[in-house]
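The structure file coords_35.txt is reproduced below (compact mmCIF, C-alpha atoms).
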# COMPACT_ATOMS: atom_id res chain seq x y z
CA ILE A 295 -14.97 2.93 -29.17
CA TRP A 296 -18.28 2.06 -27.60
CA LYS A 297 -17.12 -1.28 -26.31
CA ASN A 298 -17.33 -1.75 -22.59
CA ARG A 299 -13.71 -1.04 -22.13
CA THR A 300 -12.97 1.11 -19.15
CA ASP A 301 -9.60 2.78 -19.20
CA LYS A 302 -7.76 1.95 -16.07
CA ILE A 303 -5.61 4.37 -14.19
CA ASN A 304 -2.65 3.76 -11.99
CA ALA A 305 -3.88 3.03 -8.47
CA GLU A 306 -0.98 4.83 -6.84
CA LEU A 307 -1.61 7.92 -8.93
CA PHE A 308 -5.23 7.86 -7.86
CA THR A 309 -4.48 7.33 -4.20
CA LEU A 310 -1.73 9.91 -4.01
CA THR A 311 -3.78 12.46 -5.91
CA TYR A 312 -6.68 12.06 -3.56
CA GLY A 313 -4.27 12.29 -0.66
CA SER A 314 -2.80 15.56 -1.78
CA LEU A 315 -6.27 16.89 -2.48
CA VAL A 316 -7.33 16.19 1.08
CA ALA A 317 -4.09 17.63 2.40
CA GLN A 318 -4.66 20.79 0.42
CA LEU A 319 -8.21 21.10 1.76
CA VAL A 320 -6.95 20.69 5.30
CA LYS A 321 -4.43 23.42 4.66
CA ASP A 322 -6.96 25.75 3.05
CA TYR A 323 -9.79 25.37 5.52
CA GLU A 324 -7.88 24.61 8.73
CA ASP A 325 -11.02 22.93 10.03
CA TYR A 326 -11.65 19.22 9.71
CA ALA A 327 -15.43 19.51 9.85
CA GLU A 328 -15.29 21.93 6.95
CA VAL A 329 -13.02 19.55 5.05
CA ASN A 330 -15.63 16.83 5.50
CA THR A 331 -18.25 19.16 4.08
CA GLN A 332 -16.12 20.12 1.11
CA LEU A 333 -15.26 16.51 0.32
CA ASP A 334 -18.93 15.61 0.46
CA LYS A 335 -19.77 18.50 -1.86
CA MET A 336 -17.10 17.47 -4.34
CA GLY A 337 -18.38 13.93 -4.20
CA TYR A 338 -21.92 15.13 -4.78
CA ASN A 339 -20.85 16.91 -7.93
CA ILE A 340 -19.00 13.82 -9.09
CA GLY A 341 -21.95 11.58 -8.29
CA THR A 342 -24.52 13.61 -10.19
CA ARG A 343 -22.38 13.19 -13.31
CA LEU A 344 -21.08 9.72 -12.65
CA ILE A 345 -24.54 8.18 -12.52
CA GLU A 346 -24.97 8.83 -16.21
CA ASP A 347 -21.79 7.01 -17.05
CA PHE A 348 -22.79 4.26 -14.67
CA ILE A 349 -26.18 3.67 -16.25
CA ALA A 350 -24.74 3.87 -19.75
CA LYS A 351 -22.01 1.36 -19.00
CA SER A 352 -23.96 -1.05 -16.86
CA GLY A 353 -27.14 -0.95 -18.93
CA LEU A 354 -29.12 -1.49 -15.77
CA THR A 355 -32.73 -0.56 -15.33
CA LYS A 356 -34.81 0.23 -12.29
CA CYS A 357 -34.14 -1.52 -9.01
CA GLY A 358 -37.12 -3.26 -7.42
CA SER A 359 -36.28 -2.23 -3.88
CA PHE A 360 -33.84 -0.16 -1.89
CA VAL A 361 -32.13 -3.35 -0.79
CA GLU A 362 -31.57 -4.22 -4.40
CA THR A 363 -30.16 -0.73 -4.90
CA ALA A 364 -27.71 -1.45 -2.12
CA ASP A 365 -26.65 -4.60 -3.89
CA VAL A 366 -26.12 -2.77 -7.18
CA ILE A 367 -24.11 -0.03 -5.49
CA SER A 368 -21.78 -2.56 -3.97
CA LYS A 369 -21.48 -5.25 -6.60
CA ILE A 370 -21.58 -3.08 -9.70
CA GLY A 371 -20.93 0.54 -8.73
CA PHE A 372 -18.02 0.10 -6.36
CA LYS A 373 -16.71 -2.77 -8.44
CA MET A 374 -16.75 -0.73 -11.62
CA TYR A 375 -15.12 2.42 -10.29
CA LEU A 376 -12.96 1.30 -7.40
CA GLY A 377 -12.53 -2.41 -8.01
CA ILE A 378 -13.88 -3.37 -4.63
CA THR A 379 -17.11 -4.96 -3.46
CA PRO A 380 -18.17 -3.67 -0.06
CA THR A 381 -20.28 -5.93 2.10
CA ILE A 382 -23.86 -4.92 2.77
CA THR A 383 -24.86 -5.36 6.39
CA ASN A 384 -27.16 -4.07 9.09
CA ILE A 385 -30.17 -3.61 6.88
CA SER A 386 -32.74 -1.92 9.06
CA GLN A 387 -36.19 -3.38 9.79
CA ASP A 388 -37.97 -1.05 7.41
CA GLN A 389 -35.29 -1.73 4.78
CA LYS A 390 -34.49 1.93 4.40
CA GLU A 391 -31.03 1.85 5.89
CA PHE A 392 -27.98 -0.23 5.26
CA SER A 393 -24.26 -0.22 5.88
CA LEU A 394 -21.46 -0.69 3.42
CA ILE A 395 -18.38 -2.28 4.94
CA LEU A 396 -15.27 -1.50 2.94
CA GLU A 397 -12.73 -4.26 3.46
CA ASP A 398 -10.28 -2.44 1.24
CA ASN A 399 -10.37 1.23 0.61
CA PRO A 400 -8.25 2.29 -2.36
CA LEU A 401 -8.50 5.92 -1.28
CA ALA A 402 -6.89 5.22 2.05
CA GLU A 403 -3.89 3.24 0.84
CA PHE A 404 -0.60 4.54 2.35
CA VAL A 405 -2.62 6.87 4.56
CA GLU A 406 -2.01 7.62 8.19
CA LEU A 407 -3.98 10.36 9.86
CA PRO A 408 -2.35 12.74 12.28
CA GLU A 409 -3.73 12.62 15.80
CA ASP A 410 -5.57 15.90 15.66
CA ALA A 411 -7.34 14.87 12.46
CA VAL A 412 -8.67 11.80 14.26
CA ARG A 413 -9.61 13.83 17.30
CA ASP A 414 -11.37 16.55 15.35
CA GLY A 415 -13.36 14.13 13.30
CA LEU A 416 -11.92 14.08 9.80
CA TRP A 417 -13.61 11.46 7.64
CA TYR A 418 -10.82 10.99 5.16
CA SER A 419 -12.83 9.24 2.45
CA ASN A 420 -15.90 11.42 2.84
CA VAL A 421 -15.93 12.07 -0.89
CA LEU A 422 -17.53 8.64 -1.27
CA CYS A 423 -20.57 9.71 0.73
CA GLY A 424 -21.04 12.66 -1.56
CA VAL A 425 -20.73 10.48 -4.63
CA LEU A 426 -23.41 8.11 -3.35
CA ARG A 427 -25.69 10.96 -2.37
CA GLY A 428 -25.30 12.71 -5.72
CA ALA A 429 -25.67 9.60 -7.80
CA LEU A 430 -28.72 8.35 -5.95
CA GLU A 431 -30.38 11.74 -6.08
CA MET A 432 -30.20 11.58 -9.85
CA VAL A 433 -32.21 8.38 -9.77
CA LEU A 434 -34.72 10.04 -7.46
CA LEU A 435 -33.54 8.51 -4.24
CA GLN A 436 -32.81 11.09 -1.61
CA VAL A 437 -30.42 9.60 0.87
CA GLU A 438 -28.40 10.58 3.86
CA CYS A 439 -25.00 9.09 3.79
CA ASN A 440 -22.14 9.24 6.23
CA PHE A 441 -19.18 7.40 7.60
CA VAL A 442 -19.70 5.80 10.98
CA ALA A 443 -16.35 4.05 11.27
CA ASP A 444 -13.00 4.16 9.55
CA VAL A 445 -9.95 1.99 10.09
CA LEU A 446 -7.85 5.13 9.62
CA ARG A 447 -9.33 6.37 12.89
CA GLY A 448 -8.58 3.12 14.65
CA ASP A 449 -11.97 1.52 14.15
CA GLU A 450 -12.33 -2.17 13.41
CA VAL A 451 -13.91 -1.61 10.02
CA THR A 452 -14.63 1.11 7.51
CA GLU A 453 -18.35 1.60 7.40
CA ILE A 454 -20.61 3.92 5.45
CA ARG A 455 -24.20 4.23 6.58
CA VAL A 456 -26.81 5.01 3.93
CA ARG A 457 -30.34 5.99 4.84
CA LEU A 458 -33.18 6.50 2.38
CA VAL A 459 -34.92 9.76 3.21
CA LYS A 460 -37.55 9.63 0.51
CA VAL A 461 -38.19 8.76 -3.07
CA LEU A 462 -38.29 12.02 -4.97
CA ASP A 463 -40.97 13.13 -7.33
CA GLU A 464 -40.25 12.78 -11.00
CA GLU A 465 -41.19 16.41 -11.69
CA VAL A 466 -38.94 18.09 -9.20
CA PRO A 467 -35.89 19.46 -10.93
CA ALA A 468 -32.76 18.49 -9.10
CA ALA A 469 -30.85 21.34 -7.59
CA ASP A 470 -27.35 21.83 -8.87
CA GLU A 471 -24.64 22.94 -6.54
CA ILE B 249 -2.44 36.48 -29.39
CA GLU B 250 -4.50 35.54 -26.38
CA THR B 251 -2.88 32.14 -26.09
CA VAL B 252 0.53 33.74 -26.04
CA ALA B 253 -0.48 35.98 -23.18
CA LEU B 254 -1.66 32.98 -21.25
CA MET B 255 1.64 31.24 -21.84
CA SER B 256 3.75 34.00 -20.41
CA ASN B 257 1.35 34.06 -17.52
CA SER B 258 2.07 30.43 -16.75
CA GLY B 259 5.76 31.07 -16.98
CA THR B 260 5.73 33.43 -14.08
CA SER B 261 3.58 31.23 -11.89
CA THR B 262 5.52 28.02 -12.39
CA SER B 263 8.76 29.71 -11.54
CA GLY B 264 7.23 30.27 -8.16
CA THR B 265 7.43 34.03 -8.17
CA LEU B 266 3.69 34.36 -8.62
CA SER B 267 4.11 37.84 -9.94
CA THR B 268 1.11 39.46 -11.51
CA THR B 269 2.95 41.94 -13.65
CA GLY B 270 0.95 43.18 -16.57
CA LEU B 271 -1.89 40.78 -15.97
CA THR B 272 -4.73 42.11 -13.93
CA GLY B 273 -7.66 40.13 -12.61
CA ASP B 274 -5.92 36.84 -13.25
CA GLU B 275 -4.70 36.45 -9.72
CA ASP B 276 -7.30 33.91 -8.73
CA ARG B 277 -6.62 31.83 -11.76
CA GLU B 278 -2.94 32.06 -11.14
CA ALA B 279 -3.35 31.07 -7.51
CA ALA B 280 -5.44 28.10 -8.58
CA TYR B 281 -2.82 27.13 -11.15
CA PHE B 282 -0.13 27.32 -8.52
CA LYS B 283 -2.14 25.21 -6.11
CA LEU B 284 -2.82 22.53 -8.68
CA GLU B 285 0.84 22.53 -9.60
CA MET B 286 1.73 21.96 -5.96
CA LEU B 287 -0.73 19.08 -5.74
CA GLY B 288 0.94 17.54 -8.77
CA TYR B 289 4.34 18.10 -7.22
CA ARG B 290 3.39 16.10 -4.16
CA VAL B 291 1.95 13.29 -6.21
CA GLY B 292 4.89 13.18 -8.63
CA MET B 293 7.29 13.02 -5.75
CA GLY B 294 5.44 10.20 -4.02
CA LEU B 295 5.04 8.16 -7.18
CA THR B 296 8.67 8.49 -8.12
CA GLU B 297 9.88 7.64 -4.69
CA LYS B 298 7.97 4.41 -4.83
CA ALA B 299 8.86 3.63 -8.41
CA THR B 300 12.59 4.14 -8.10
CA ARG B 301 13.11 2.52 -4.74
CA ASP B 302 14.73 -0.61 -6.12
CA ARG B 303 16.54 0.72 -9.11
CA PRO B 304 20.11 1.86 -9.32
CA ARG B 305 21.04 5.51 -9.31
CA PHE B 306 20.68 7.32 -12.61
CA ALA B 307 23.89 8.09 -14.44
CA ASP B 308 23.05 11.61 -15.52
CA ASN B 309 20.23 14.09 -15.99
CA LEU B 310 19.37 12.80 -19.43
CA GLU B 311 18.77 9.36 -17.94
CA ILE B 312 16.46 10.93 -15.40
CA VAL B 313 14.49 12.75 -18.07
CA LYS B 314 14.28 9.54 -20.08
CA PHE B 315 12.87 7.83 -17.03
CA ILE B 316 10.16 10.51 -16.87
CA CYS B 317 9.40 10.13 -20.58
CA LYS B 318 9.19 6.36 -20.47
CA ASP B 319 8.43 4.66 -17.18
CA PHE B 320 6.83 7.56 -15.39
CA TRP B 321 4.61 8.69 -18.25
CA LEU B 322 3.62 5.09 -18.93
CA ALA B 323 2.62 4.58 -15.33
CA VAL B 324 0.61 7.76 -15.15
CA PHE B 325 -0.83 8.23 -18.62
CA ASN B 326 -0.55 4.73 -20.12
CA LYS B 327 1.68 5.94 -22.90
CA GLN B 328 5.16 7.31 -23.40
CA ILE B 329 6.23 10.82 -24.30
CA ASP B 330 6.44 10.97 -28.08
CA ASN B 331 9.33 13.32 -28.51
CA LEU B 332 12.19 14.54 -26.40
CA LYS B 333 14.44 17.39 -27.36
CA THR B 334 17.28 18.93 -25.45
CA ASN B 335 19.86 21.64 -25.87
CA HIS B 336 22.25 19.65 -23.62
CA ARG B 337 22.44 22.64 -21.34
CA GLY B 338 19.65 21.89 -18.95
CA ILE B 339 16.61 22.45 -21.14
CA TYR B 340 14.43 19.53 -22.17
CA VAL B 341 11.28 19.71 -24.23
CA LEU B 342 8.86 16.82 -23.90
CA THR B 343 6.11 16.49 -26.45
CA ASP B 344 3.10 14.29 -25.99
CA ASN B 345 1.23 14.24 -29.29
CA ASN B 346 -1.90 12.82 -27.77
CA PHE B 347 -1.99 13.87 -24.16
CA ARG B 348 -4.54 11.69 -22.43
CA TRP B 349 -6.34 14.41 -20.54
CA PHE B 350 -6.78 16.48 -23.66
CA SER B 351 -7.83 13.66 -25.94
CA ARG B 352 -11.55 14.25 -25.52
CA MET B 353 -11.61 17.98 -25.06
CA SER B 354 -13.09 20.34 -27.55
CA ALA B 355 -14.53 23.81 -27.65
CA ASN B 356 -15.78 26.12 -30.37
CA SER B 357 -12.41 26.72 -31.91
CA ALA B 358 -8.92 25.32 -31.69
CA THR B 359 -7.72 28.45 -29.89
CA GLU B 360 -10.51 28.23 -27.38
CA THR B 361 -9.86 24.55 -26.76
CA ALA B 362 -6.22 25.27 -26.11
CA GLN B 363 -7.14 28.04 -23.71
CA LEU B 364 -9.60 25.95 -21.79
CA ALA B 365 -7.27 22.97 -21.75
CA PHE B 366 -4.33 24.91 -20.45
CA PRO B 367 -5.26 24.92 -16.74
CA HIS B 368 -5.38 21.14 -16.90
CA ALA B 369 -1.67 21.14 -17.60
CA ALA B 370 -0.85 22.59 -14.19
CA PHE B 371 -1.12 19.28 -12.42
CA PRO B 372 1.08 17.34 -14.87
CA CYS B 373 3.67 20.14 -14.75
CA GLY B 374 3.74 19.60 -11.01
CA LEU B 375 3.98 15.85 -11.52
CA ILE B 376 7.14 16.27 -13.59
CA ARG B 377 8.66 18.78 -11.22
CA GLY B 378 7.87 16.53 -8.26
CA ALA B 379 9.31 13.47 -9.97
CA LEU B 380 12.51 15.35 -10.79
CA SER B 381 12.71 16.69 -7.30
CA ALA B 382 12.45 13.17 -5.88
CA LEU B 383 15.41 12.26 -8.06
CA GLY B 384 17.40 15.14 -6.72
CA VAL B 385 17.09 17.80 -9.38
CA ALA B 386 15.42 21.14 -8.95
CA SER B 387 13.60 22.35 -12.02
CA VAL B 388 11.03 24.64 -13.51
CA VAL B 389 8.39 23.06 -15.72
CA ILE B 390 6.25 25.02 -18.13
CA ALA B 391 3.49 23.61 -20.27
CA GLU B 392 2.59 24.79 -23.69
CA VAL B 393 -0.75 24.00 -25.21
CA SER B 394 -1.43 25.21 -28.70
CA ASN B 395 -3.05 22.49 -30.71
CA THR B 396 -4.77 19.94 -28.52
CA PRO B 397 -4.48 17.07 -27.88
CA GLN B 398 -0.82 17.84 -28.16
CA CYS B 399 0.94 19.13 -25.09
CA THR B 400 4.54 20.10 -24.60
CA PHE B 401 6.37 20.42 -21.34
CA GLN B 402 9.51 22.43 -21.10
CA ILE B 403 11.82 21.45 -18.30
CA LYS B 404 14.52 23.80 -17.20
CA PHE B 405 16.98 22.49 -14.67
CA ARG B 406 17.98 24.86 -11.98
CA THR B 407 21.61 24.77 -11.17
Can you dump the structure from the file as structure tokens?
Amino acid sequence: IWKNRTDKINAELFTLTYGSLVAQLVKDYEDYAEVNTQLDKMGYNIGTRLIEDFIAKSGLTKCGSFVETADVISKIGFKMYLGITPTITNISQDQKEFSLILEDNPLAEFVELPEDAVRDGLWYSNVLCGVLRGALEMVLLQVECNFVADVLRGDEVTEIRVRLVKVLDEEVPAADE
Amino acid sequence: IETVALMSNSGTSTSGTLSTTGLTGDEDREAAYFKLEMLGYRVGMGLTEKATRDRPRFADNLEIVKFICKDFWLAVFNKQIDNLKTNHRGIYVLTDNNFRWFSRMSANSATETAQLAFPHAAFPCGLIRGALSALGVASVVIAEVSNTPQCTFQIKFRT
């Protein structure tokens, strides 16, 4: 049972389920900014739990630098859970910021946003930002994470920007939401 | 006794009446159940639409239910329904002896596990109802969870 065998789930089931989740949030909150917030929150709660599974499965130890962390997120994290490997670009001078470019986004398959969702700033896949934020917080990296572009909104690429705020202290108990 | 109460509760909510007769304070839970069921409905409908696009029309309702038990369940849960019973008058009972989502659930007692697992059946109930709806049949789907990881789904066709 402890073999590194990850059960796969049907991609369409995953995509459609996420789609109806977002649709339900839109219906419930009637405010796209609030939907973004809720998605991020959900992601955060997923991330704080997912990191444990991630470390257990990958068997990885500490990253030497934030840039290395970026590499691990893309090549191992995204690969393991979504089957994609986003490209890391635009690493800032101080190496505390980077962008993840998602060539494919399994969440956004079959998705078309209505005009008002684009206008009012819905970030459809915002759950991913929350996941990253939650997961990284558990390994003591406080980050800010947000979408800066999304092909669903007519942008050229889908880009998530991640910025390291600070490395947390070991003692501080992480707040649970 | 508690499990039974919960069952009758689900019955009213899946039939869409959302009545709260005799059960006080459960309205939130019922609303949540209904919402999850609706999410499942949407997903089941979408999945089935895509899956059946290139296949010929089903001969009868039994064929449709068989499709749910085999292809649909396989696509969604990586296994088939283990047992299918019918009264040939519009009621079908699908039993999954090892329902994937329940396979790793446990609580202090079997009764408690069943109770805690039950809300997780809302979404799959919706999946089935949505799938059936995409194939042109209106139905009511009720889940029954008594000894996990087994789960039974009762489908009642609406005529």
Contact check, region 305-387 of chain B to region 282-291 of chain B, at most 9 Å, counting all atoms listed in the file, closest pairs as a Markdown table:
| residue | atom | partner | partner_atom | distance |
| --- | --- | --- | --- | --- |
| B:Pro367 | CA | B:Leu284 | CA | 8.8 |
| B:His368 | CA | B:Leu284 | CA | 8.7 |
| B:Ala369 | CA | B:Glu285 | CA | 8.5 |
| B:Ala370 | CA | B:Glu285 | CA | 4.9 |
| B:Phe371 | CA | B:Gly288 | CA | 4.5 |
| B:Pro372 | CA | B:Gly288 | CA | 6.1 |
| B:Cys373 | CA | B:Glu285 | CA | 6.3 |
| B:Gly374 | CA | B:Tyr289 | CA | 4.1 |
| B:Leu375 | CA | B:Gly288 | CA | 4.4 |
| B:Ile376 | CA | B:Tyr289 | CA | 7.2 |
| B:Arg377 | CA | B:Tyr289 | CA | 5.9 |
| B:Gly378 | CA | B:Tyr289 | CA | 4.0 |
| B:Ala379 | CA | B:Tyr289 | CA | 7.3 |
| B:Ser381 | CA | B:Tyr289 | CA | 8.5 |
Give the residues of chain A that lie within 7 Å of chain B; count only C-alpha atoms, and format the answer as a compact mmCIF listing (two decimals) with C-alpha atoms, keeping the file's coordinate frame.
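Generated output (selection.txt):
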# COMPACT_ATOMS: atom_id res chain seq x y z
CA ASN A 304 -2.65 3.76 -11.99
CA GLU A 306 -0.98 4.83 -6.84
CA LEU A 307 -1.61 7.92 -8.93
CA LEU A 310 -1.73 9.91 -4.01
CA THR A 311 -3.78 12.46 -5.91
CA SER A 314 -2.80 15.56 -1.78
CA LEU A 315 -6.27 16.89 -2.48
Inset, instruction - Excluding Arg457 (chain A) and any residue of its chain fewer than 5 positions from it, enumerate the residues within 10 Å of it, using all atoms listed in the file, and give them as a list in words. - result: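 Non-adjacent residues within range: Phe360, Ile385, Ser386, Gln389, Lys390, Glu391, Phe392, Ser393, Arg427, Leu435, Gln436, Val437, Glu438, Cys439 and Asn440 of chain A.
Distance-wise, CA of Ala391 (chain B) and CA of Gln318 (chain A) end up 22.4 Å apart.
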Legend entry - Point-to-point distance in Å for CA of Tyr312 (chain A) and CA of Pro408 (chain A):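 Separating CA of Pro408 (chain A) from CA of Tyr312 (chain A) is a distance of 16.4 Å.
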Inset, instruction - Grab the CA of Thr361 (chain B) to CA of Thr342 (chain A) distance for me, in Å with one decimal place. - result: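 Calculated distance between CA of Thr361 (chain B) and CA of Thr342 (chain A) is 24.7 Å.
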Give as a PDB file with C-alpha atoms, in the coordinates of the input each residue that has an atom at most 10 Å from (-24.7, 10.4, -14.0) in the file, counting all atoms listed in the file.
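Result file out29.pdb:
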ATOM      1  CA  ASN A 339     -20.850  16.910  -7.930  1.00  0.00           C
ATOM      2  CA  ILE A 340     -19.000  13.820  -9.090  1.00  0.00           C
ATOM      3  CA  GLY A 341     -21.950  11.580  -8.290  1.00  0.00           C
ATOM      4  CA  THR A 342     -24.520  13.610 -10.190  1.00  0.00           C
ATOM      5  CA  ARG A 343     -22.380  13.190 -13.310  1.00  0.00           C
ATOM      6  CA  LEU A 344     -21.080   9.720 -12.650  1.00  0.00           C
ATOM      7  CA  ILE A 345     -24.540   8.180 -12.520  1.00  0.00           C
ATOM      8  CA  GLU A 346     -24.970   8.830 -16.210  1.00  0.00           C
ATOM      9  CA  ASP A 347     -21.790   7.010 -17.050  1.00  0.00           C
ATOM     10  CA  PHE A 348     -22.790   4.260 -14.670  1.00  0.00           C
ATOM     11  CA  ILE A 349     -26.180   3.670 -16.250  1.00  0.00           C
ATOM     12  CA  ALA A 350     -24.740   3.870 -19.750  1.00  0.00           C
ATOM     13  CA  GLY A 428     -25.300  12.710  -5.720  1.00  0.00           C
ATOM     14  CA  ALA A 429     -25.670   9.600  -7.800  1.00  0.00           C
ATOM     15  CA  LEU A 430     -28.720   8.350  -5.950  1.00  0.00           C
ATOM     16  CA  GLU A 431     -30.380  11.740  -6.080  1.00  0.00           C
ATOM     17  CA  MET A 432     -30.200  11.580  -9.850  1.00  0.00           C
ATOM     18  CA  VAL A 433     -32.210   8.380  -9.770  1.00  0.00           C
TER      19      VAL A 433
END
Find the axis-aligned box for region 350-353 of chain B, covering all its listed atoms and adding 3 Å on each side, and write its centre and edge lengths in Å to one decimal as lines of an AutoDock Vina configuration file.
center_x = -9.2
center_y = 15.8
center_z = -24.8
size_x = 10.8
size_y = 10.3
size_z = 8.3
Taking 6 positions as the minimum chain separation for residues in the same chain, which residues sit within 8 Å of Asn420 (chain A) when counting only C-alpha atoms? Answer as a PDB file with C-alpha atoms, in the frame of the given file.
ATOM      1  CA  ASN A 330     -15.630  16.830   5.500  1.00  0.00           C
ATOM      2  CA  LEU A 333     -15.260  16.510   0.320  1.00  0.00           C
ATOM      3  CA  ASP A 334     -18.930  15.610   0.460  1.00  0.00           C
ATOM      4  CA  GLY A 337     -18.380  13.930  -4.200  1.00  0.00           C
ATOM      5  CA  ASN A 440     -22.140   9.240   6.230  1.00  0.00           C
ATOM      6  CA  PHE A 441     -19.180   7.400   7.600  1.00  0.00           C
TER       7      PHE A 441
END
Inset, instruction - Select, from B:Glu278, B:Ser394, B:Glu297, B:Lys333, the residue with the minimum atom-to-atom distance to Leu364 (chain B), counting all atoms listed in the file. - result: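 Distance minimum relative to Leu364 (chain B) lands on B:Ser394.
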Inset, instruction - Please provide as a list in words all residues within 10 Å of Glu328 (chain A), with the sequence filter that same-chain residues fewer than 6 positions apart are discarded (counting only C-alpha atoms). - result: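 Once the nearby chain positions are removed, what remains is Leu319, Val320, Asp322, Asp334 and Leu416 of chain A.
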